[in-house]
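In what follows, a structure is listed as structure tokens, so that the remarks can point back to it.
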Number of protein chains: 2
Amino acid sequence: MERKTYRDGGSRPLTEYPRPSVAVDTAVLTLDPDVGLVVLEVRRPTRRGWALPGTFLHEGERLADAVDRSLHVKANVRGLRPRQLQVFDDPSRDDRGWVLSVAHIEVVHADRLSSRFADATRLVPVGTPGRLPYDHAEIVARAADDLRRRYRDQPDPDRLLGDEFTLRALRLAHEAVAGQALQRDSFRRAMEPGLVATGVTTAGGRGRPAELFRRRVS
Amino acid sequence: MERKTYRDGGSRPLTEYPRPSVAVDTAVLTLDPDVGLVVLEVRRPTRRGWALPGTFLHEGERLADAVDRSLHVKANVRGLRPRQLQVFDDPSRDDRGWVLSVAHIEVVHADRLSSRFADATRLVPVGTPGRLPYDHAEIVARAADDLRRRYRDQPDPDRLLGDEFTLRALRLAHEAVAGQALQRDSFRRAMEPGLVATGVTTAGGRGRPAELFRRRVS
DNA sequence: TAAATAGTGTCTCTCAGACACTATGTC
DNA sequence: GACATAGTGTCTGAGAGACACTATTTA
């Protein structure tokens, strides 16, 4: 042995420290045009009921990759970019043993979920996520809260909409996130600094055609 | 065996999953009246240089307890309330093996650090933390950033000061956190909704005595 | 009295909120 | 034309920022 002291001042080699299992759990949020902000839930394999998709971390794997993998395996959804929310570390939170869970949030366009397993998944309004195991109800609440903060100042920062959209579509998305109606004119003025007009206008709907905007790259 | 499927849809029992070591690292921030916002660093036991205090998580231990333990053992500091910042999960971040680190931030009154080991610790301005190993420089930057956001609206939410303080002391603390001078009158009016006047005034200093305030419990 | 600091009145500028008007499409 | 929606002018009230004045202490 070269060294005799270790990172915590103790004398045990790294391999002798007991190690927790590490899981990831993800609140995948998207926008249902009719229902509003919804969260993806999957059937629990071992018990009745529904839960957020999650998995154990594999050896040498990044947390974000474990999130991607769990969504692929459990819901047939791919190619997303999760953000960390919080670590849940209550040693007794999982009766199968010592399991830390890193909660994530993932916000996606509804199209991304069109390929999801029809039977094994469901989309539920974030306000009424149903009975969820572990800390999943808290994860959903925190995810919705996190989203509301992010959407207050910027136009659709998590790309619930596509690259181009009308101010009406943008406002409806923000209203779904905020959970309340927003003033049409104030909203426009608040968002305009973060938008770039394309000069193109929509057609076909009722009323005057609206211009399409992009997010400002900043 | 009762069950044959597991949380990730695989068929292995929980004990067969490879597990990472989990560490905590903490940015302890405090206020030096002369220097400003400073961070606590400890001597690295195995190599040259300084690092943030940290330790490996013990079996069944809460993250916050591991933070407390590491500060006690490495710096002789106790009784604090850490907040989680972020998990660092690069599999190659630690050359001793697969180690996840949960970064924490801890903000304390300078008195709490008076008992710290004189030789094995130092307090360094957050803007110039020196050469730090692992992701510690990023942790310090994020901690300072986090603190700035928290201090924008509320009067000293993390109790860098005691229970009672003058508006001058409060403003100097907020200026140290913000890294810039703040307008005296605007600052007072911005903070007053979060304060309760005690009716007691200080004496002994130069100039007109100032009233002492407490934080509003809300 | 001079200097230093505390506390407050007030002006201005900006901006959110609200209302209302004009513009331009479909039915 | 009736209706629906887009886009914008404008009024108002709240609040941040800035300046200046008064108040109260020490040296």
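Going by the structure tokens order, chains are called A, B, ..., each with residues numbered from 1, while ligands are numbered from 1 in the order shown.
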Do you have, as a Markdown table, the list of residues of chain A lying at most 7 Å from chain D, each with its nearest atom pair and that distance in Å to one decimal, counting only C-alpha atoms (C1' of nucleotides) and ordered by chain then number?
| residue | atom | partner | partner_atom | distance |
| --- | --- | --- | --- | --- |
| A:Arg206 | CA | D:DA4 | C1' | 6.0 |
| A:Gly207 | CA | D:DT5 | C1' | 4.2 |
| A:Arg208 | CA | D:DT5 | C1' | 5.3 |
| A:Pro209 | CA | D:DA6 | C1' | 6.8 |
| A:Ala210 | CA | D:DA6 | C1' | 5.8 |
Kindly provide the residues of chain A that approach chain C to within 12 Å, each paired with its closest atom pair and their distance in Å to one decimal, based on only C-alpha atoms (C1' of nucleotides), listed by chain and increasing number, as a Markdown table.
| residue | atom | partner | partner_atom | distance |
| --- | --- | --- | --- | --- |
| A:Leu182 | CA | C:DG17 | C1' | 10.6 |
| A:Gln183 | CA | C:DG17 | C1' | 8.1 |
| A:Arg184 | CA | C:DA18 | C1' | 10.6 |
| A:Asp185 | CA | C:DG17 | C1' | 9.3 |
| A:Ser186 | CA | C:DA16 | C1' | 7.0 |
| A:Phe187 | CA | C:DA16 | C1' | 9.6 |
| A:Arg188 | CA | C:DA16 | C1' | 11.8 |
| A:Arg189 | CA | C:DA16 | C1' | 9.7 |
| A:Ala190 | CA | C:DA16 | C1' | 9.0 |
| A:Thr201 | CA | C:DG25 | C1' | 11.2 |
| A:Thr202 | CA | C:DG25 | C1' | 10.3 |
| A:Ala203 | CA | C:DG25 | C1' | 8.2 |
| A:Gly204 | CA | C:DT26 | C1' | 8.0 |
| A:Gly205 | CA | C:DT26 | C1' | 7.5 |
| A:Arg206 | CA | C:DT26 | C1' | 5.4 |
| A:Gly207 | CA | C:DG25 | C1' | 4.8 |
| A:Arg208 | CA | C:DG25 | C1' | 3.9 |
| A:Pro209 | CA | C:DG25 | C1' | 5.9 |
| A:Ala210 | CA | C:DG25 | C1' | 9.5 |
Proximity check chain A to chain B, 6 Å, nearest pairs one decimal Å, only C-alpha atoms, as a tab-separated table:
residue	atom	partner	partner_atom	distance
A:Asp8	CA	B:Thr55	CA	4.5
A:Pro18	CA	B:Glu59	CA	5.7
A:Arg19	CA	B:Ser21	CA	5.4
A:Ser21	CA	B:Arg19	CA	5.4
A:Thr55	CA	B:Asp8	CA	4.5
A:Glu59	CA	B:Pro18	CA	5.8
A:Gly60	CA	B:Pro91	CA	5.3
A:Arg62	CA	B:Asp89	CA	6.0
A:Asp89	CA	B:Arg62	CA	6.0
A:Pro91	CA	B:Gly60	CA	5.3
Practice problem: Write down as an NGL selection string the residues of region 55-115 of chain B whose backbone DSSP state falls under helix (DSSP H, G or I). | Solution: :B and (63-75 or 110-113)
Quiz item: Which residues, written as a ChimeraX atom specification, have at least one atom at most 12 Å from Arg142 (chain A), with only C-alpha atoms (C1' of nucleotides) counted and residues fewer than 3 positions away on the same chain left out?
Solution: /A:26-27,29,84-86,103-105,126-127,135-139,145-149
Okay, now the selection with C-alpha atoms, as a PDB file, in the first residue's frame?
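Below is the file again_6.pdb, written as the result:
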ATOM      1  CA  THR A  26     -37.574  11.199 -13.317  1.00  0.00           C
ATOM      2  CA  ALA A  27     -40.587  13.444 -13.604  1.00  0.00           C
ATOM      3  CA  LEU A  29     -43.418  16.716 -17.918  1.00  0.00           C
ATOM      4  CA  GLN A  84     -31.081  17.160 -11.452  1.00  0.00           C
ATOM      5  CA  LEU A  85     -33.586  18.150  -8.826  1.00  0.00           C
ATOM      6  CA  GLN A  86     -32.565  16.665  -5.488  1.00  0.00           C
ATOM      7  CA  ALA A 103     -34.657  12.938  -8.649  1.00  0.00           C
ATOM      8  CA  HIS A 104     -34.636  14.465 -12.119  1.00  0.00           C
ATOM      9  CA  ILE A 105     -36.918  16.641 -14.175  1.00  0.00           C
ATOM     10  CA  VAL A 126     -49.334  17.328 -12.281  1.00  0.00           C
ATOM     11  CA  GLY A 127     -51.854  18.634  -9.781  1.00  0.00           C
ATOM     12  CA  ASP A 135     -40.959  10.311  -2.609  1.00  0.00           C
ATOM     13  CA  HIS A 136     -42.445  10.504  -6.068  1.00  0.00           C
ATOM     14  CA  ALA A 137     -45.303  12.817  -5.151  1.00  0.00           C
ATOM     15  CA  GLU A 138     -42.799  15.297  -3.759  1.00  0.00           C
ATOM     16  CA  ILE A 139     -40.674  14.996  -6.883  1.00  0.00           C
ATOM     17  CA  ASP A 145     -42.541  24.338  -9.011  1.00  0.00           C
ATOM     18  CA  ASP A 146     -39.146  24.371 -10.680  1.00  0.00           C
ATOM     19  CA  LEU A 147     -40.805  24.722 -14.045  1.00  0.00           C
ATOM     20  CA  ARG A 148     -42.983  27.615 -12.945  1.00  0.00           C
ATOM     21  CA  ARG A 149     -39.910  29.551 -11.831  1.00  0.00           C
TER      22      ARG A 149
END
Quiz item: Between CA of Gln180 (chain A) and CA of Arg152 (chain A), what is the distance, to one decimal in Å?
Solution: 12.2 Å
Self-check item: For Gly162 (chain B): contacts at 12 Å, only C-alpha atoms (C1' of nucleotides), fewer than 2 positions along chain excluded, given as a PyMOL selection string
Solution: chain B and resi 108-112+155-160+164-166+169-170+173+212-215
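With CA of Val28 (chain A) on one side and CA of Val42 (chain A) on the other, the separation reads 10.8 Å.
Distance-wise, CA of Leu113 (chain B) and CA of Val77 (chain B) end up 6.1 Å apart.
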Quiz item: So which residues touch Arg48 (chain A) within 12 Å, counting only C-alpha atoms (C1' of nucleotides), skipping near sequence neighbours fewer than 4 positions away, as a list in words?
Solution: Val42, Arg43, Arg44, Ala120, Arg131, Leu132 and Pro133 of chain A
Run DSSP on the backbone and give me the residues of region 47-118 of chain A it puts in strand (DSSP E), as a PDB file with N, CA and C atoms, in the first residue's frame.
ATOM      1  N   TRP A  50     -48.953   2.901  -9.945  1.00  0.00           N
ATOM      2  CA  TRP A  50     -48.099   3.629 -10.870  1.00  0.00           C
ATOM      3  C   TRP A  50     -46.984   4.334 -10.125  1.00  0.00           C
ATOM      4  N   ALA A  51     -45.915   4.627 -10.853  1.00  0.00           N
ATOM      5  CA  ALA A  51     -44.771   5.313 -10.257  1.00  0.00           C
ATOM      6  C   ALA A  51     -44.071   6.132 -11.326  1.00  0.00           C
ATOM      7  N   GLY A  54     -37.915   4.997 -13.229  1.00  0.00           N
ATOM      8  CA  GLY A  54     -36.629   5.072 -12.549  1.00  0.00           C
ATOM      9  C   GLY A  54     -35.845   3.808 -12.782  1.00  0.00           C
ATOM     10  N   THR A  55     -34.584   3.837 -12.369  1.00  0.00           N
ATOM     11  CA  THR A  55     -33.753   2.634 -12.489  1.00  0.00           C
ATOM     12  C   THR A  55     -32.565   2.777 -11.573  1.00  0.00           C
ATOM     13  N   PHE A  56     -31.886   1.660 -11.358  1.00  0.00           N
ATOM     14  CA  PHE A  56     -30.636   1.739 -10.629  1.00  0.00           C
ATOM     15  C   PHE A  56     -29.521   2.156 -11.561  1.00  0.00           C
ATOM     16  N   ARG A  83     -32.540  17.308 -16.002  1.00  0.00           N
ATOM     17  CA  ARG A  83     -31.866  18.160 -15.017  1.00  0.00           C
ATOM     18  C   ARG A  83     -32.037  17.543 -13.630  1.00  0.00           C
ATOM     19  N   GLN A  84     -30.987  17.659 -12.823  1.00  0.00           N
ATOM     20  CA  GLN A  84     -31.081  17.160 -11.452  1.00  0.00           C
ATOM     21  C   GLN A  84     -31.987  18.032 -10.614  1.00  0.00           C
ATOM     22  N   LEU A  85     -32.757  17.388  -9.749  1.00  0.00           N
ATOM     23  CA  LEU A  85     -33.586  18.150  -8.826  1.00  0.00           C
ATOM     24  C   LEU A  85     -33.040  18.065  -7.403  1.00  0.00           C
ATOM     25  N   GLN A  86     -32.899  16.821  -6.903  1.00  0.00           N
ATOM     26  CA  GLN A  86     -32.565  16.665  -5.488  1.00  0.00           C
ATOM     27  C   GLN A  86     -32.235  15.206  -5.216  1.00  0.00           C
ATOM     28  N   VAL A  87     -31.415  14.958  -4.199  1.00  0.00           N
ATOM     29  CA  VAL A  87     -31.150  13.590  -3.760  1.00  0.00           C
ATOM     30  C   VAL A  87     -32.054  13.284  -2.577  1.00  0.00           C
ATOM     31  N   PHE A  88     -32.751  12.158  -2.651  1.00  0.00           N
ATOM     32  CA  PHE A  88     -33.523  11.691  -1.502  1.00  0.00           C
ATOM     33  C   PHE A  88     -32.710  10.619  -0.808  1.00  0.00           C
ATOM     34  N   VAL A  99     -31.047   2.709  -0.372  1.00  0.00           N
ATOM     35  CA  VAL A  99     -31.121   3.206  -1.745  1.00  0.00           C
ATOM     36  C   VAL A  99     -31.214   4.731  -1.741  1.00  0.00           C
ATOM     37  N   LEU A 100     -30.226   5.377  -2.324  1.00  0.00           N
ATOM     38  CA  LEU A 100     -30.331   6.815  -2.568  1.00  0.00           C
ATOM     39  C   LEU A 100     -30.991   7.019  -3.923  1.00  0.00           C
ATOM     40  N   SER A 101     -31.851   8.028  -3.997  1.00  0.00           N
ATOM     41  CA  SER A 101     -32.471   8.311  -5.281  1.00  0.00           C
ATOM     42  C   SER A 101     -32.194   9.753  -5.692  1.00  0.00           C
ATOM     43  N   VAL A 102     -31.713   9.914  -6.910  1.00  0.00           N
ATOM     44  CA  VAL A 102     -31.485  11.253  -7.447  1.00  0.00           C
ATOM     45  C   VAL A 102     -32.667  11.601  -8.347  1.00  0.00           C
ATOM     46  N   ALA A 103     -33.476  12.540  -7.892  1.00  0.00           N
ATOM     47  CA  ALA A 103     -34.657  12.938  -8.649  1.00  0.00           C
ATOM     48  C   ALA A 103     -34.263  13.850  -9.803  1.00  0.00           C
ATOM     49  N   HIS A 104     -34.894  13.641 -10.948  1.00  0.00           N
ATOM     50  CA  HIS A 104     -34.636  14.465 -12.119  1.00  0.00           C
ATOM     51  C   HIS A 104     -35.931  15.029 -12.668  1.00  0.00           C
ATOM     52  N   ILE A 105     -35.779  16.078 -13.457  1.00  0.00           N
ATOM     53  CA  ILE A 105     -36.918  16.641 -14.175  1.00  0.00           C
ATOM     54  C   ILE A 105     -36.551  16.693 -15.652  1.00  0.00           C
ATOM     55  N   GLU A 106     -37.523  16.401 -16.456  1.00  0.00           N
ATOM     56  CA  GLU A 106     -37.310  16.350 -17.899  1.00  0.00           C
ATOM     57  C   GLU A 106     -38.552  16.948 -18.545  1.00  0.00           C
ATOM     58  N   VAL A 107     -38.368  17.940 -19.388  1.00  0.00           N
ATOM     59  CA  VAL A 107     -39.495  18.626 -20.006  1.00  0.00           C
ATOM     60  C   VAL A 107     -39.407  18.432 -21.510  1.00  0.00           C
TER      61      VAL A 107
END
